[in-house]
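Enquirer: Contents of protein.txt (compact mmCIF, C-alpha atoms and all ligand atoms):
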```txt
# COMPACT_ATOMS: atom_id res chain seq x y z
CA LEU A 1 33.78 -5.95 -1.16
CA ASN A 2 30.48 -4.20 -1.91
CA LYS A 3 28.72 -2.96 1.19
CA PRO A 4 24.97 -3.45 1.48
CA LEU A 5 22.95 -0.42 0.47
CA ALA A 6 21.43 1.35 3.48
CA LEU A 7 18.44 2.20 1.31
CA SER A 8 17.69 -1.47 0.67
CA GLN A 9 17.45 -2.49 4.33
CA SER A 10 14.05 -3.27 5.77
CA ILE A 11 13.26 -2.54 9.40
CA LYS A 12 13.72 -6.25 10.15
CA MET A 13 17.18 -6.21 8.58
CA TRP A 14 18.16 -3.18 10.66
CA GLU A 15 16.87 -4.87 13.80
CA GLN A 16 18.89 -7.99 13.06
CA TRP A 17 21.99 -5.93 12.37
CA PHE A 18 21.71 -4.05 15.68
CA GLN A 19 20.97 -7.26 17.56
CA SER A 20 24.08 -8.86 16.08
CA LEU A 21 25.99 -6.06 17.84
CA ASP A 22 24.10 -6.63 21.10
CA GLU A 23 22.18 -3.43 20.57
CA LYS A 24 18.49 -2.98 21.22
CA PRO A 25 16.23 -3.44 18.19
CA TYR A 26 14.55 -0.03 18.70
CA ARG A 27 17.70 1.45 17.12
CA ALA A 28 16.27 0.27 13.80
CA LYS A 29 13.37 2.70 14.14
CA GLN A 30 15.78 5.50 14.96
CA VAL A 31 17.73 4.88 11.76
CA ILE A 32 14.58 4.65 9.63
CA LYS A 33 13.28 7.86 11.17
CA TRP A 34 16.50 9.72 10.41
CA MET A 35 16.46 8.53 6.82
CA TYR A 36 12.87 8.86 5.75
CA VAL A 37 11.35 11.38 8.14
CA ASP A 38 14.27 13.75 8.70
CA PHE A 39 15.87 13.08 5.31
CA VAL A 40 19.29 12.66 6.87
CA PHE A 41 21.36 9.93 5.27
CA ASP A 42 24.69 10.68 6.91
CA PRO A 43 25.05 8.43 9.98
CA SER A 44 27.49 10.85 11.63
CA GLN A 45 24.43 13.08 12.17
CA PHE A 46 22.27 10.41 13.84
CA LEU A 47 22.68 12.18 17.16
CA ASN A 48 20.50 9.92 19.30
CA ILE A 49 22.86 7.06 18.48
CA LYS A 50 26.20 6.85 20.28
CA ALA A 51 29.32 7.78 18.35
CA PRO A 52 30.98 4.34 18.00
CA LEU A 53 27.73 2.92 16.65
CA ARG A 54 27.38 5.83 14.22
CA LEU A 55 30.85 5.04 12.95
CA LYS A 56 29.98 1.38 12.59
CA LEU A 57 26.87 2.33 10.60
CA ALA A 58 28.93 4.56 8.31
CA GLU A 59 31.52 1.83 7.74
CA SER A 60 29.15 -1.09 7.30
CA PHE A 61 26.72 0.31 4.74
CA ASP A 62 26.77 2.12 1.44
CA TRP A 63 24.77 5.32 1.99
CA THR A 64 24.52 6.32 -1.69
CA LEU A 65 21.11 7.67 -2.67
CA PRO A 66 19.31 7.91 -5.98
CA SER A 67 20.37 11.17 -7.61
CA LEU A 68 17.92 13.75 -8.87
CA ASP A 69 18.20 13.74 -12.66
CA SER A 70 15.56 16.40 -13.37
CA ALA A 71 12.83 18.33 -11.61
CA LEU A 72 10.11 20.00 -13.63
CA LYS A 73 7.40 22.32 -12.39
CA SER A 74 4.10 22.56 -14.20
CA SER A 75 2.03 25.69 -14.63
CA ASP A 76 -0.56 24.00 -12.37
CA GLU A 77 2.11 23.76 -9.60
CA SER A 78 2.61 19.99 -9.96
CA GLU A 79 6.24 18.99 -9.74
CA LYS A 80 7.79 15.99 -11.31
CA PHE A 81 11.04 14.48 -10.04
CA LEU A 82 13.06 12.04 -12.09
CA PHE A 83 15.64 10.03 -10.13
CA LYS A 84 18.53 7.88 -11.24
CA THR A 85 19.37 4.83 -9.15
CA ILE A 86 22.87 3.67 -8.30
CA ASP A 87 22.55 1.03 -11.06
CA GLY A 88 21.57 3.68 -13.63
CA GLN A 89 17.79 3.16 -13.73
CA PHE A 90 15.28 6.01 -13.91
CA PHE A 91 12.10 6.30 -11.88
CA GLU A 92 9.82 9.22 -11.15
CA CYS A 93 7.25 10.66 -8.80
CA VAL A 94 4.85 13.59 -9.10
CA LEU A 95 3.92 15.97 -6.30
CA MET A 96 0.49 17.53 -6.76
CA PRO A 97 -0.71 20.31 -4.45
CA PHE A 98 -4.49 20.72 -4.33
CA SER A 99 -6.40 23.24 -2.23
CA ASN A 100 -7.12 20.72 0.52
CA ARG A 101 -4.35 18.15 0.17
CA VAL A 102 -0.88 17.47 -1.20
CA THR A 103 -0.69 14.20 -3.07
CA LEU A 104 2.39 12.32 -4.15
CA CYS A 105 2.10 9.83 -6.98
CA VAL A 106 4.84 7.24 -6.47
CA SER A 107 6.39 4.58 -8.68
CA SER A 108 6.80 0.96 -7.64
CA GLN A 109 8.82 -0.44 -10.55
CA VAL A 110 11.21 0.65 -13.26
CA GLY A 111 8.98 -0.03 -16.27
CA CYS A 112 6.12 -2.49 -16.13
CA LYS A 113 5.40 -6.00 -17.42
CA LEU A 114 1.75 -5.47 -18.19
CA GLY A 115 1.88 -3.46 -21.42
CA CYS A 116 -1.43 -1.55 -21.18
CA ARG A 117 -1.97 -0.01 -24.59
CA PHE A 118 -2.63 3.53 -23.38
CA CYS A 119 0.36 3.72 -21.04
CA GLN A 120 3.82 5.12 -21.61
CA THR A 121 5.37 2.95 -18.87
CA GLY A 122 3.88 -0.14 -20.49
CA LYS A 123 5.86 0.72 -23.62
CA MET A 124 9.14 0.63 -21.75
CA GLY A 125 8.94 -3.03 -20.78
CA PHE A 126 10.04 -4.18 -17.35
CA THR A 127 13.49 -3.54 -15.91
CA ARG A 128 13.22 -4.20 -12.17
CA HIS A 129 11.21 -3.69 -9.00
CA LEU A 130 11.97 -0.68 -6.85
CA SER A 131 13.18 -1.62 -3.38
CA LEU A 132 11.31 -0.66 -0.23
CA GLY A 133 13.91 2.07 0.34
CA GLU A 134 13.51 3.46 -3.18
CA ILE A 135 9.74 3.70 -2.66
CA LEU A 136 10.10 5.36 0.75
CA PHE A 137 12.78 7.64 -0.65
CA GLN A 138 10.24 9.24 -3.05
CA ALA A 139 8.01 10.26 -0.13
CA ALA A 140 10.98 11.36 1.99
CA TYR A 141 12.34 13.46 -0.87
CA ALA A 142 8.96 15.08 -1.55
CA SER A 143 8.36 15.83 2.14
CA ASN A 144 11.77 17.38 2.44
CA HIS A 145 11.21 19.36 -0.74
CA LEU A 146 8.00 20.82 0.74
CA ARG A 147 9.88 21.72 3.94
CA THR A 148 12.45 23.66 1.96
CA GLN A 149 9.84 25.63 -0.03
CA ASN A 150 8.88 28.08 2.71
CA THR A 151 5.42 26.62 2.78
CA GLU A 152 3.44 25.18 5.63
CA ARG A 153 2.17 22.51 3.32
CA LYS A 154 2.83 18.88 4.09
CA LEU A 155 2.42 15.66 2.23
CA THR A 156 -1.06 14.31 3.03
CA ASN A 157 -1.81 11.65 0.40
CA ILE A 158 0.13 8.98 -1.43
CA VAL A 159 -1.14 7.14 -4.47
CA PHE A 160 0.61 4.23 -6.15
CA MET A 161 -0.20 5.38 -9.66
CA GLY A 162 3.28 6.10 -10.99
CA MET A 163 5.43 3.68 -12.97
CA GLY A 164 4.71 0.01 -12.49
CA GLU A 165 2.00 -2.34 -11.25
CA PRO A 166 2.24 -1.99 -7.45
CA LEU A 167 0.82 -5.43 -6.65
CA ASP A 168 3.47 -7.04 -8.87
CA ASN A 169 6.00 -5.73 -6.32
CA TYR A 170 3.77 -6.82 -3.48
CA ASP A 171 6.07 -7.13 -0.47
CA ALA A 172 7.88 -3.81 -0.94
CA VAL A 173 4.64 -1.94 -1.66
CA VAL A 174 2.74 -3.34 1.32
CA GLU A 175 5.73 -2.75 3.59
CA SER A 176 6.06 0.84 2.35
CA CYS A 177 2.35 1.46 3.03
CA LYS A 178 2.90 0.28 6.60
CA HIS A 179 5.68 2.85 6.92
CA PHE A 180 3.49 5.58 5.39
CA ILE A 181 0.75 5.09 7.99
CA ASP A 182 3.07 4.35 10.94
CA LYS A 183 2.90 7.11 13.57
CA ASN A 184 6.67 6.79 14.10
CA PHE A 185 7.42 7.44 10.45
CA PHE A 186 5.28 9.25 7.87
CA ASN A 187 2.16 9.28 10.06
CA LEU A 188 -0.32 9.60 7.17
CA SER A 189 -3.94 8.66 7.66
CA HIS A 190 -4.53 5.10 6.40
CA ASN A 191 -7.38 6.48 4.28
CA LYS A 192 -4.92 8.65 2.42
CA VAL A 193 -2.65 5.97 0.98
CA THR A 194 -4.09 4.33 -2.12
CA ILE A 195 -2.87 1.27 -3.98
CA SER A 196 -3.98 1.22 -7.58
CA THR A 197 -3.89 -2.03 -9.51
CA SER A 198 -4.77 -3.21 -12.98
CA GLY A 199 -6.45 -6.21 -11.36
CA LEU A 200 -4.02 -8.90 -10.20
CA ILE A 201 -6.59 -11.11 -8.51
CA PRO A 202 -4.43 -13.27 -6.18
CA GLN A 203 -2.60 -10.19 -4.90
CA ILE A 204 -5.86 -8.27 -4.38
CA GLU A 205 -7.11 -11.18 -2.27
CA GLN A 206 -3.84 -11.20 -0.33
CA LEU A 207 -4.06 -7.44 0.20
CA GLY A 208 -7.57 -7.89 1.61
CA ARG A 209 -6.01 -10.17 4.23
CA ASP A 210 -2.84 -8.16 4.88
CA LEU A 211 -3.80 -4.50 4.68
CA PRO A 212 -7.50 -3.86 3.98
CA ILE A 213 -7.43 -0.51 5.77
CA VAL A 214 -5.55 1.04 2.85
CA PRO A 215 -7.93 2.11 0.04
CA LEU A 216 -7.89 0.10 -3.15
CA ALA A 217 -8.21 1.55 -6.65
CA ILE A 218 -8.76 -0.49 -9.79
CA SER A 219 -7.59 0.71 -13.21
CA LEU A 220 -10.65 -0.53 -15.05
CA HIS A 221 -11.02 1.58 -18.22
CA SER A 222 -13.65 -0.71 -19.71
CA ALA A 223 -16.36 -3.01 -18.39
CA ASP A 224 -16.51 -4.83 -21.72
CA ASN A 225 -14.39 -7.94 -21.39
CA GLU A 226 -13.21 -8.05 -24.98
CA LEU A 227 -12.37 -4.37 -25.18
CA ARG A 228 -10.59 -4.47 -21.84
CA SER A 229 -8.44 -7.39 -23.04
CA GLN A 230 -7.45 -5.29 -26.05
CA MET A 231 -6.57 -2.31 -23.91
CA MET A 232 -5.05 -4.23 -21.00
CA PRO A 233 -3.59 -7.65 -21.84
CA ILE A 234 -3.69 -8.65 -18.13
CA ASN A 235 -7.48 -8.94 -18.56
CA LYS A 236 -6.92 -12.15 -20.53
CA LYS A 237 -5.40 -13.72 -17.45
CA TYR A 238 -7.81 -12.15 -14.94
CA PRO A 239 -11.03 -11.46 -16.85
CA LEU A 240 -13.72 -9.07 -15.66
CA PRO A 241 -16.19 -11.64 -14.25
CA GLU A 242 -13.47 -13.04 -11.97
CA LEU A 243 -12.27 -9.58 -11.01
CA ARG A 244 -15.84 -8.64 -10.11
CA LYS A 245 -16.20 -11.73 -7.91
CA THR A 246 -13.00 -10.84 -6.08
CA LEU A 247 -14.09 -7.24 -5.54
CA LEU A 248 -17.52 -8.27 -4.26
CA ASN A 249 -15.69 -10.19 -1.53
CA TYR A 250 -13.09 -7.53 -0.79
CA PRO A 251 -13.18 -6.40 2.86
CA ILE A 252 -13.69 -2.68 2.19
CA GLN A 253 -12.84 -0.62 5.25
CA ASN A 254 -13.37 2.97 4.15
CA ARG A 255 -16.46 5.00 3.47
CA HIS A 256 -15.78 5.54 -0.24
CA GLY A 257 -15.49 1.87 -1.11
CA ILE A 258 -13.31 0.95 -4.07
CA THR A 259 -12.21 3.65 -6.52
CA PHE A 260 -12.30 2.76 -10.20
CA GLU A 261 -10.09 4.65 -12.62
CA TYR A 262 -11.61 5.03 -16.06
CA ILE A 263 -9.64 6.75 -18.81
CA MET A 264 -12.14 8.27 -21.24
CA ILE A 265 -10.92 7.59 -24.79
CA LYS A 266 -12.73 9.10 -27.75
CA ASN A 267 -14.95 6.60 -29.58
CA LYS A 268 -13.45 3.68 -27.70
CA ASN A 269 -14.99 3.30 -24.25
CA ASP A 270 -16.99 6.49 -23.78
CA SER A 271 -20.53 5.76 -25.03
CA VAL A 272 -23.61 5.44 -22.83
CA GLU A 273 -23.56 1.73 -23.77
CA HIS A 274 -20.17 1.50 -22.06
CA ALA A 275 -21.51 3.38 -19.06
CA LYS A 276 -24.35 0.80 -18.83
CA LYS A 277 -21.85 -2.04 -18.84
CA LEU A 278 -19.89 -0.28 -16.15
CA VAL A 279 -22.96 0.08 -13.92
CA ASN A 280 -23.66 -3.64 -14.40
CA PHE A 281 -20.11 -4.45 -13.46
CA LEU A 282 -20.30 -2.33 -10.32
CA LYS A 283 -23.63 -3.71 -9.09
CA GLY A 284 -23.25 -4.62 -5.41
CA ILE A 285 -19.81 -3.01 -5.08
CA LYS A 286 -19.47 0.19 -3.07
CA ALA A 287 -17.71 2.28 -5.66
CA LYS A 288 -16.61 5.64 -6.91
CA VAL A 289 -15.43 6.14 -10.50
CA ASN A 290 -12.78 8.67 -11.48
CA LEU A 291 -13.27 9.67 -15.10
CA ILE A 292 -9.93 10.71 -16.59
CA PRO A 293 -9.88 12.28 -20.05
CA MET A 294 -7.12 10.56 -22.06
CA ASN A 295 -3.86 12.44 -21.79
CA THR A 296 -2.50 12.49 -25.34
CA HIS A 297 1.24 11.98 -25.92
CA PRO A 298 3.34 12.02 -29.05
CA GLY A 299 2.96 8.77 -30.94
CA ILE A 300 -0.45 8.03 -29.48
CA GLU A 301 -3.40 7.33 -31.61
CA MET A 302 -5.94 7.77 -28.84
CA GLU A 303 -7.64 11.02 -27.94
CA ALA A 304 -9.61 12.35 -25.01
CA SER A 305 -13.39 12.02 -25.18
CA GLU A 306 -15.39 15.07 -26.12
CA GLU A 307 -16.76 17.12 -23.27
CA VAL A 308 -20.35 16.20 -24.06
CA LYS A 309 -19.52 12.45 -23.94
CA LEU A 310 -17.74 12.94 -20.62
CA LYS A 311 -20.76 14.69 -19.16
CA ASP A 312 -23.26 12.10 -20.44
CA PHE A 313 -21.13 9.28 -19.07
CA GLN A 314 -20.79 11.04 -15.75
CA LYS A 315 -24.51 11.71 -15.53
CA TYR A 316 -25.37 8.09 -16.31
CA LEU A 317 -23.20 6.92 -13.43
CA SER A 318 -24.12 9.55 -10.87
CA THR A 319 -27.87 9.18 -11.39
CA ARG A 320 -27.41 5.49 -10.58
CA GLY A 321 -25.65 6.18 -7.32
CA TYR A 322 -22.01 6.11 -8.40
CA PRO A 323 -20.09 9.35 -7.79
CA ALA A 324 -18.03 10.01 -10.92
CA PRO A 325 -15.82 13.09 -10.67
CA ILE A 326 -13.92 14.10 -13.81
CA ARG A 327 -10.20 14.23 -13.04
CA TYR A 328 -8.14 16.21 -15.49
CA SER A 329 -4.51 15.04 -15.57
CA ARG A 330 -2.16 17.32 -13.74
CA GLY A 331 1.18 18.51 -14.98
CA GLN A 332 0.57 17.78 -18.65
CA ASP A 333 3.13 20.38 -19.70
CA VAL A 334 5.85 18.49 -17.80
CA SER A 335 4.94 14.97 -18.97
CA ALA A 336 3.51 14.12 -15.58
CA ALA A 337 1.47 11.12 -16.65
CA CYS A 338 2.88 7.84 -15.46
CA GLY A 339 6.19 6.90 -17.03
CA GLN A 340 6.40 9.73 -19.52
CA LEU A 341 9.57 11.33 -18.30
CA ALA A 342 11.41 8.13 -17.52
CA SER A 343 10.49 6.65 -20.87
CA LYS A 344 11.70 9.78 -22.65
CA LYS A 345 14.95 9.40 -20.76
CA LYS A 346 15.14 5.73 -21.61
CA ASP A 347 14.60 6.42 -25.29
CA GLU A 348 17.31 9.05 -25.13
CA LEU A 349 19.73 6.59 -23.52
CA ASP A 350 18.71 3.51 -25.37
CA PHE A 351 17.94 4.62 -28.90
CA THR A 352 18.90 1.40 -30.58
CA PRO A 353 16.96 -0.31 -33.38
CA ARG A 354 15.63 -2.75 -30.78
CA SER A 355 14.20 -0.01 -28.62
CA VAL A 356 12.72 1.72 -31.63
CA ALA A 357 11.05 -1.49 -32.68
CA ARG A 358 9.59 -1.76 -29.22
CA LEU A 359 7.63 1.46 -29.60
CA ARG A 360 4.34 -0.10 -30.42
CA LYS A 361 2.11 2.07 -32.55
CA SER A 362 -0.98 1.29 -30.58
CA ALA A 363 0.61 1.98 -27.23
CA VAL A 364 -0.11 5.05 -25.16
S1 LIG B 401 -1.18 1.34 -16.72
FE1 LIG B 401 -0.07 0.61 -14.90
S2 LIG B 401 -0.20 -1.65 -15.12
FE2 LIG B 401 -0.67 -0.82 -17.14
S3 LIG B 401 1.32 -0.77 -18.22
FE3 LIG B 401 1.01 1.25 -17.23
S4 LIG B 401 2.10 1.08 -15.30
FE4 LIG B 401 1.76 -1.00 -16.03
```
If you convert what's in this file into structure tokens, what do you get?
Ligand code: SF4
Expert:
Amino acid sequence: LNKPLALSQSIKMWEQWFQSLDEKPYRAKQVIKWMYVDFVFDPSQFLNIKAPLRLKLAESFDWTLPSLDSALKSSDESEKFLFKTIDGQFFECVLMPFSNRVTLCVSSQVGCKLGCRFCQTGKMGFTRHLSLGEILFQAAYASNHLRTQNTERKLTNIVFMGMGEPLDNYDAVVESCKHFIDKNFFNLSHNKVTISTSGLIPQIEQLGRDLPIVPLAISLHSADNELRSQMMPINKKYPLPELRKTLLNYPIQNRHGITFEYIMIKNKNDSVEHAKKLVNFLKGIKAKVNLIPMNTHPGIEMEASEEVKLKDFQKYLSTRGYPAPIRYSRGQDVSAACGQLASKKKDELDFTPRSVARLRKSAV
């Protein structure tokens, strides 16, 4: 009989399991702390739990972890980790040290359903959601990696900008954020955990009720409804006017407001006309815009905007009260943009005529 995976258990499930053995529910927190804070996944080492219970834990659950398939370090110090799950799926995270923070970009799904045209993950199609444990595991692995590097540096920020649409895997993502900001577990500041979405309106509204203290980022990329629908098919379902209405009502609880991600693509969305549309879209919303020059990959027919266009766009926004830092992609030499490594791996593993046909020309 297959044992349940320890990594797939939520805190509630652990509590119920301990209670079924007449044990106190606080044991659940002890187990979670061992796993994700101390990075110990061998119950025989859970020393604040008595021996017979440790044995029971070892016998009752499957403690297999995702295995590290590859780790690549960029010349800019970013590190990318590609993991393989027990069922043979690949997912990735990227650790990015900056002078004042260490950010981990985590994945929430294997692949993605939304098929944004500029995105490598979108090309892969959707395989499955990552479990709560698989999301927490990325942060636990990265924290442990930092500990073993003879550095004082610690993980300070988490962004859900890896593979997948986080709000499509709502429960696991929200639950993982609660663990990230919980003092007993990762103890990150709630301002330092960001959920980035392509604009799933019902889930954004739900997030505003469930966890508004966690900053929200919107992958916008165009404030022209027609162009955005071309670039991001989800815009047909949740068009810009409706998204704007939702964001105007969003209960923002941090001083920066909502962050908008805007990939600058040459001759596509980078004119001053587009900047004007963006300012109109943002009217009344407390916002910051991250301008991200397009990260070109093989097979892509989109290029980064020219420097002068970037600067003009930035100036248009900032003179109208919207901070618009230019964010150059990190780790380009190690395929650090979302989904690049996992999709390479998938193509390697799955190089059938069907998968070749799936490589849309316009994608990425
Ligand atoms: S950009 Fe995000 S939402 Fe769009 S396809 Fe890629 S992973 Fe999915």
Enquirer: First collect every listed atom of ligand LIG 401 (chain B); then fit an axis-aligned box around them, widen it by 8 Å on each side, and give centre and edge lengths in Å to one decimal, as lines of an AutoDock Vina configuration file.
Expert:
```
center_x = 0.5
center_y = -0.2
center_z = -16.6
size_x = 19.3
size_y = 19.0
size_z = 19.3
```
Enquirer: Can you build me a table of chain A residues sitting at most 10 Å from ligand LIG 401 (chain B), with the closest atom pair per residue and its distance in Å to one decimal, using only C-alpha atoms and all ligand atoms, sorted by chain and residue number, as JSON lines?
Expert:
```
{"residue": "A:Ser107", "atom": "CA", "partner": "B:LIG401", "partner_atom": "S4", "distance": 8.6}
{"residue": "A:Ser108", "atom": "CA", "partner": "B:LIG401", "partner_atom": "S4", "distance": 9.0}
{"residue": "A:Gln109", "atom": "CA", "partner": "B:LIG401", "partner_atom": "S4", "distance": 8.4}
{"residue": "A:Val110", "atom": "CA", "partner": "B:LIG401", "partner_atom": "S4", "distance": 9.3}
{"residue": "A:Gly111", "atom": "CA", "partner": "B:LIG401", "partner_atom": "S4", "distance": 7.0}
{"residue": "A:Cys112", "atom": "CA", "partner": "B:LIG401", "partner_atom": "FE4", "distance": 4.6}
{"residue": "A:Lys113", "atom": "CA", "partner": "B:LIG401", "partner_atom": "FE4", "distance": 6.3}
{"residue": "A:Leu114", "atom": "CA", "partner": "B:LIG401", "partner_atom": "S3", "distance": 4.7}
{"residue": "A:Gly115", "atom": "CA", "partner": "B:LIG401", "partner_atom": "S3", "distance": 4.2}
{"residue": "A:Cys116", "atom": "CA", "partner": "B:LIG401", "partner_atom": "S3", "distance": 4.1}
{"residue": "A:Arg117", "atom": "CA", "partner": "B:LIG401", "partner_atom": "S3", "distance": 7.2}
{"residue": "A:Phe118", "atom": "CA", "partner": "B:LIG401", "partner_atom": "S1", "distance": 7.2}
{"residue": "A:Cys119", "atom": "CA", "partner": "B:LIG401", "partner_atom": "FE3", "distance": 4.6}
{"residue": "A:Gln120", "atom": "CA", "partner": "B:LIG401", "partner_atom": "FE3", "distance": 6.5}
{"residue": "A:Thr121", "atom": "CA", "partner": "B:LIG401", "partner_atom": "FE3", "distance": 5.0}
{"residue": "A:Gly122", "atom": "CA", "partner": "B:LIG401", "partner_atom": "S3", "distance": 3.5}
{"residue": "A:Lys123", "atom": "CA", "partner": "B:LIG401", "partner_atom": "S3", "distance": 7.2}
{"residue": "A:Met124", "atom": "CA", "partner": "B:LIG401", "partner_atom": "S3", "distance": 8.7}
{"residue": "A:Gly125", "atom": "CA", "partner": "B:LIG401", "partner_atom": "S3", "distance": 8.4}
{"residue": "A:Phe126", "atom": "CA", "partner": "B:LIG401", "partner_atom": "FE4", "distance": 9.0}
{"residue": "A:Phe160", "atom": "CA", "partner": "B:LIG401", "partner_atom": "FE1", "distance": 9.5}
{"residue": "A:Met161", "atom": "CA", "partner": "B:LIG401", "partner_atom": "FE1", "distance": 7.1}
{"residue": "A:Gly162", "atom": "CA", "partner": "B:LIG401", "partner_atom": "S4", "distance": 6.7}
{"residue": "A:Met163", "atom": "CA", "partner": "B:LIG401", "partner_atom": "S4", "distance": 4.8}
{"residue": "A:Gly164", "atom": "CA", "partner": "B:LIG401", "partner_atom": "S4", "distance": 4.0}
{"residue": "A:Glu165", "atom": "CA", "partner": "B:LIG401", "partner_atom": "S2", "distance": 4.5}
{"residue": "A:Pro166", "atom": "CA", "partner": "B:LIG401", "partner_atom": "S2", "distance": 8.1}
{"residue": "A:Leu167", "atom": "CA", "partner": "B:LIG401", "partner_atom": "S2", "distance": 9.3}
{"residue": "A:Asp168", "atom": "CA", "partner": "B:LIG401", "partner_atom": "S2", "distance": 9.0}
{"residue": "A:Ser196", "atom": "CA", "partner": "B:LIG401", "partner_atom": "FE1", "distance": 8.3}
{"residue": "A:Thr197", "atom": "CA", "partner": "B:LIG401", "partner_atom": "S2", "distance": 6.7}
{"residue": "A:Ser198", "atom": "CA", "partner": "B:LIG401", "partner_atom": "S2", "distance": 5.3}
{"residue": "A:Gly199", "atom": "CA", "partner": "B:LIG401", "partner_atom": "S2", "distance": 8.6}
{"residue": "A:Leu200", "atom": "CA", "partner": "B:LIG401", "partner_atom": "S2", "distance": 9.6}
{"residue": "A:Ser219", "atom": "CA", "partner": "B:LIG401", "partner_atom": "S1", "distance": 7.3}
{"residue": "A:Leu220", "atom": "CA", "partner": "B:LIG401", "partner_atom": "S1", "distance": 9.8}
{"residue": "A:His221", "atom": "CA", "partner": "B:LIG401", "partner_atom": "S1", "distance": 10.0}
{"residue": "A:Met231", "atom": "CA", "partner": "B:LIG401", "partner_atom": "FE2", "distance": 9.1}
{"residue": "A:Met232", "atom": "CA", "partner": "B:LIG401", "partner_atom": "FE2", "distance": 6.8}
{"residue": "A:Pro233", "atom": "CA", "partner": "B:LIG401", "partner_atom": "FE2", "distance": 8.8}
{"residue": "A:Ile234", "atom": "CA", "partner": "B:LIG401", "partner_atom": "S2", "distance": 8.4}
{"residue": "A:Ala337", "atom": "CA", "partner": "B:LIG401", "partner_atom": "FE3", "distance": 9.9}
{"residue": "A:Cys338", "atom": "CA", "partner": "B:LIG401", "partner_atom": "S4", "distance": 6.8}
{"residue": "A:Gly339", "atom": "CA", "partner": "B:LIG401", "partner_atom": "S4", "distance": 7.3}
{"residue": "A:Ala363", "atom": "CA", "partner": "B:LIG401", "partner_atom": "S3", "distance": 9.4}
{"residue": "A:Val364", "atom": "CA", "partner": "B:LIG401", "partner_atom": "FE3", "distance": 8.9}
```
Enquirer: Could you tell me which of A:Val159, A:Leu7, A:Leu146, A:Met13 comes closest to Cys105 of chain A if we count all atoms listed in the file?
Expert: A:Val159
Enquirer: Using all atoms listed in the file, find each residue in segment 49-112 of chain A having at least one atom no more than 12 Å away from segment 21-37 of chain A; report its shortest atom-to-atom pair and that distance in Å (one decimal), rows by chain then rising number, as a tab-separated table.
Expert:
```
residue	atom	partner	partner_atom	distance
A:Ile49	CA	A:Arg27	CA	7.7
A:Lys50	CA	A:Arg27	CA	10.6
A:Pro52	CA	A:Leu21	CA	11.5
A:Leu53	CA	A:Leu21	CA	9.2
A:Arg54	CA	A:Val31	CA	10.0
A:Lys56	CA	A:Leu21	CA	9.9
A:Leu57	CA	A:Val31	CA	9.6
A:Ala58	CA	A:Val31	CA	11.7
A:Trp63	CA	A:Met35	CA	10.1
A:Thr64	CA	A:Met35	CA	11.9
A:Leu65	CA	A:Met35	CA	10.6
```
Enquirer: Would you write out those residues with C-alpha atoms, as a PDB file, in the coordinates of the input?
Expert:
```pdb
ATOM      1  CA  ILE A  49      22.860   7.060  18.480  1.00  0.00           C
ATOM      2  CA  LYS A  50      26.200   6.850  20.280  1.00  0.00           C
ATOM      3  CA  PRO A  52      30.980   4.340  18.000  1.00  0.00           C
ATOM      4  CA  LEU A  53      27.730   2.920  16.650  1.00  0.00           C
ATOM      5  CA  ARG A  54      27.380   5.830  14.220  1.00  0.00           C
ATOM      6  CA  LYS A  56      29.980   1.380  12.590  1.00  0.00           C
ATOM      7  CA  LEU A  57      26.870   2.330  10.600  1.00  0.00           C
ATOM      8  CA  ALA A  58      28.930   4.560   8.310  1.00  0.00           C
ATOM      9  CA  TRP A  63      24.770   5.320   1.990  1.00  0.00           C
ATOM     10  CA  THR A  64      24.520   6.320  -1.690  1.00  0.00           C
ATOM     11  CA  LEU A  65      21.110   7.670  -2.670  1.00  0.00           C
TER      12      LEU A  65
END
```
Enquirer: What's around Thr259 of chain A at 9 Å? Count all atoms listed in the file, leave out sequence neighbours fewer than 6 positions away in its own chain, and write the answer as JSON, numbers by chain.
Expert: {"A": [196, 215, 216, 217, 218, 219, 286, 287, 288, 289, 290]}
Enquirer: May I have the residues at most 10 Å from (-11.6, 9.5, -17.5) in the file's coordinates, counting only C-alpha atoms, as a compact mmCIF listing (two decimals) with C-alpha atoms, keeping the file's coordinate frame?
Expert:
```txt
# COMPACT_ATOMS: atom_id res chain seq x y z
CA HIS A 221 -11.02 1.58 -18.22
CA PHE A 260 -12.30 2.76 -10.20
CA GLU A 261 -10.09 4.65 -12.62
CA TYR A 262 -11.61 5.03 -16.06
CA ILE A 263 -9.64 6.75 -18.81
CA MET A 264 -12.14 8.27 -21.24
CA ILE A 265 -10.92 7.59 -24.79
CA ASN A 269 -14.99 3.30 -24.25
CA ASP A 270 -16.99 6.49 -23.78
CA VAL A 289 -15.43 6.14 -10.50
CA ASN A 290 -12.78 8.67 -11.48
CA LEU A 291 -13.27 9.67 -15.10
CA ILE A 292 -9.93 10.71 -16.59
CA PRO A 293 -9.88 12.28 -20.05
CA MET A 294 -7.12 10.56 -22.06
CA ASN A 295 -3.86 12.44 -21.79
CA ALA A 304 -9.61 12.35 -25.01
CA SER A 305 -13.39 12.02 -25.18
CA LEU A 310 -17.74 12.94 -20.62
CA PHE A 313 -21.13 9.28 -19.07
CA GLN A 314 -20.79 11.04 -15.75
CA ALA A 324 -18.03 10.01 -10.92
CA PRO A 325 -15.82 13.09 -10.67
CA ILE A 326 -13.92 14.10 -13.81
CA ARG A 327 -10.20 14.23 -13.04
CA TYR A 328 -8.14 16.21 -15.49
CA SER A 329 -4.51 15.04 -15.57
```
Enquirer: Take atom CA of Ile252 of chain A and atom CA of Ser222 of chain A and report the distance between them in Å, one decimal.
Expert: 22.0 Å
Enquirer: Using Å and a single decimal, report how far atom CA of Leu188 of chain A sits from atom CA of Ile213 of chain A.
Expert: 12.4 Å
Enquirer: Report, in Å with one decimal, the straight-line distance from atom CA of Glu273 of chain A to atom CA of Thr194 of chain A.
Expert: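 Atom CA of Thr194 of chain A lies 29.2 Å from atom CA of Glu273 of chain A.
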